[in-house]
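Below is one structure, written out as structure tokens; comments come after it.
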Amino acid sequence: MKPIEERIRPLVDAINDVGYFKTFSSCEGHFGLRDPHRYDNREKAEVRFHELQGIEETTIETFFAAILKEFISSPVQWEATLDICKRYTPNHDGWIEYAYIFTLKPFNPHEANELKRKHVNKLIEVVTEAVRHYPII
């Protein structure tokens, strides 16, 4: 298992501390390393997680709405974007699994790599702060 990257660790820790989720994958984003032969674009940061047993969907949606509200009211919304989704994928046993994903990426993908890194770092801080302000169960 790879260690959690330094820039994304505060957000991973904050999500785990809320008491609703357990993270299982994260990436702080790697700008300037885009490979046209790779399917995935690493020029974004993301955290993937599952809800803990007994947490209802309405509780999760209320949490996500609060995080997005904080994002929308921050000045960073014009520098980087936050997407929250629930992704469904089939597994090897024929079952369908899902995960929640926070994706943080530059608003303008054509900016210099240093600027993209700066904007995503700031968004990580904003989202981490929003998660930390949410009432912990």
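Residue numbering restarts at 1 for every chain of the structure tokens, chains are lettered A, B, ... in their displayed order, and ligands are numbered from 1 as they appear.
By chain and then residue number, the residues within 7 Å of Glu51 in chain A are Tyr20, Phe21, Lys22, Phe49, Gln53 and Ile55 of chain A, counting only C-alpha atoms and disregarding those fewer than 2 positions away in sequence.
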Practice task
Tell me, as an NGL selection string, which residues lie within 9 Å of Tyr88 in chain A, counting only C-alpha atoms; anything in the same chain fewer than 2 positions away does not count.
Solution key: :A and (86 or 90 or 96-99)
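Near Lys2 in chain A, within 12 Å and counting only C-alpha atoms, sit A:Phe24, A:Ser25, A:Ser26, A:Cys27; same-chain residues fewer than 5 positions away were not included.
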Generate a file of the selected residues that holds N, CA and C atoms, formatted as a compact mmCIF listing (two decimals), in the first residue's frame.
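Dumped everything to result34.txt:
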# COMPACT_ATOMS: atom_id res chain seq x y z
N PHE A 24 -10.31 5.09 0.77
CA PHE A 24 -9.50 3.95 0.35
C PHE A 24 -8.53 4.30 -0.77
N SER A 25 -8.62 5.49 -1.34
CA SER A 25 -7.72 5.87 -2.43
C SER A 25 -7.66 7.39 -2.51
N SER A 26 -6.48 7.89 -2.83
CA SER A 26 -6.34 9.34 -2.99
C SER A 26 -5.16 9.65 -3.89
N CYS A 27 -5.17 10.86 -4.44
CA CYS A 27 -4.08 11.36 -5.27
C CYS A 27 -4.07 12.87 -5.15
Practice task
Fewer than 3 positions away in the same chain doesn't count, so skip those; otherwise give me all residues within 10 Å of Asp13 in chain A, counting only C-alpha atoms, as number ranges by chain.
Solution key: A: 4, 8-10, 16-18, 22-23, 128, 131-132
Exercise for the section: Would you work out the distance separating CA of Ala80 in chain A from CA of Ala14 in chain A, expressed in Å to one decimal? Expected result: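 Computing it gives 19.6 Å between the two atoms.
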Handout entry: Among the residues A:Trp78, A:Tyr100, A:Phe107, A:Trp95, the one that comes closest to His50 in chain A [using only C-alpha atoms]
Key = A:Tyr100
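Using only C-alpha atoms, the smallest distance between any of A:Ala65, A:Val47, A:Ile136, A:Ile101 and Leu11 in chain A comes from A:Val47.
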Practice task
Measuring atom to atom with only C-alpha atoms, identify which of A:Val12, A:Leu33, A:Leu123, A:Ile84 is nearest to Phe63 in chain A.
Solution key: A:Ile84
Run DSSP on the backbone of this structure and report the residues of chain A it assigns to alpha helix (DSSP H), as a short mmCIF file (atom, residue, chain, number, x, y, z; two decimals) with C-alpha atoms, in the first residue's frame.
data_model
loop_
_atom_site.label_atom_id
_atom_site.label_comp_id
_atom_site.auth_asym_id
_atom_site.auth_seq_id
_atom_site.Cartn_x
_atom_site.Cartn_y
_atom_site.Cartn_z
CA ARG A 9 -3.49 14.01 3.40
CA PRO A 10 -5.34 16.81 5.28
CA LEU A 11 -8.47 16.22 3.18
CA VAL A 12 -8.23 12.43 3.54
CA ASP A 13 -7.90 12.79 7.32
CA ALA A 14 -10.79 15.27 7.49
CA ILE A 15 -13.12 12.97 5.51
CA ASN A 16 -12.23 10.01 7.75
CA ASP A 17 -12.74 12.12 10.88
CA VAL A 18 -16.34 13.10 9.99
CA GLU A 57 -28.05 8.35 1.88
CA THR A 58 -29.87 11.49 3.03
CA THR A 59 -27.14 12.10 5.63
CA ILE A 60 -24.49 11.75 2.93
CA GLU A 61 -26.32 14.10 0.55
CA THR A 62 -26.72 16.71 3.30
CA PHE A 63 -22.99 16.51 3.97
CA PHE A 64 -22.15 16.89 0.27
CA ALA A 65 -24.52 19.84 -0.07
CA ALA A 66 -22.81 21.62 2.84
CA ILE A 67 -19.36 21.06 1.32
CA LEU A 68 -20.49 22.31 -2.10
CA LYS A 69 -22.14 25.36 -0.51
CA GLU A 70 -18.83 26.27 1.15
CA PHE A 71 -17.02 25.79 -2.16
CA ILE A 72 -19.48 27.96 -4.11
CA ASN A 113 1.46 23.62 -14.41
CA GLU A 114 2.69 25.67 -11.44
CA LEU A 115 -0.51 27.71 -11.45
CA LYS A 116 -2.68 24.59 -11.71
CA ARG A 117 -0.82 23.11 -8.73
CA LYS A 118 -1.31 26.34 -6.76
CA HIS A 119 -5.05 26.47 -7.47
CA VAL A 120 -5.65 22.81 -6.62
CA ASN A 121 -3.61 23.15 -3.41
CA LYS A 122 -5.80 26.10 -2.40
CA LEU A 123 -8.94 24.12 -3.19
CA ILE A 124 -7.68 21.21 -1.08
CA GLU A 125 -7.35 23.69 1.81
CA VAL A 126 -10.84 25.14 1.24
CA VAL A 127 -12.53 21.73 1.03
CA THR A 128 -10.58 20.40 4.01
CA GLU A 129 -11.72 23.40 6.06
CA ALA A 130 -15.34 22.88 4.95
CA VAL A 131 -15.20 19.20 5.94
CA ARG A 132 -13.60 20.09 9.30
CA HIS A 133 -16.40 22.61 9.99
#
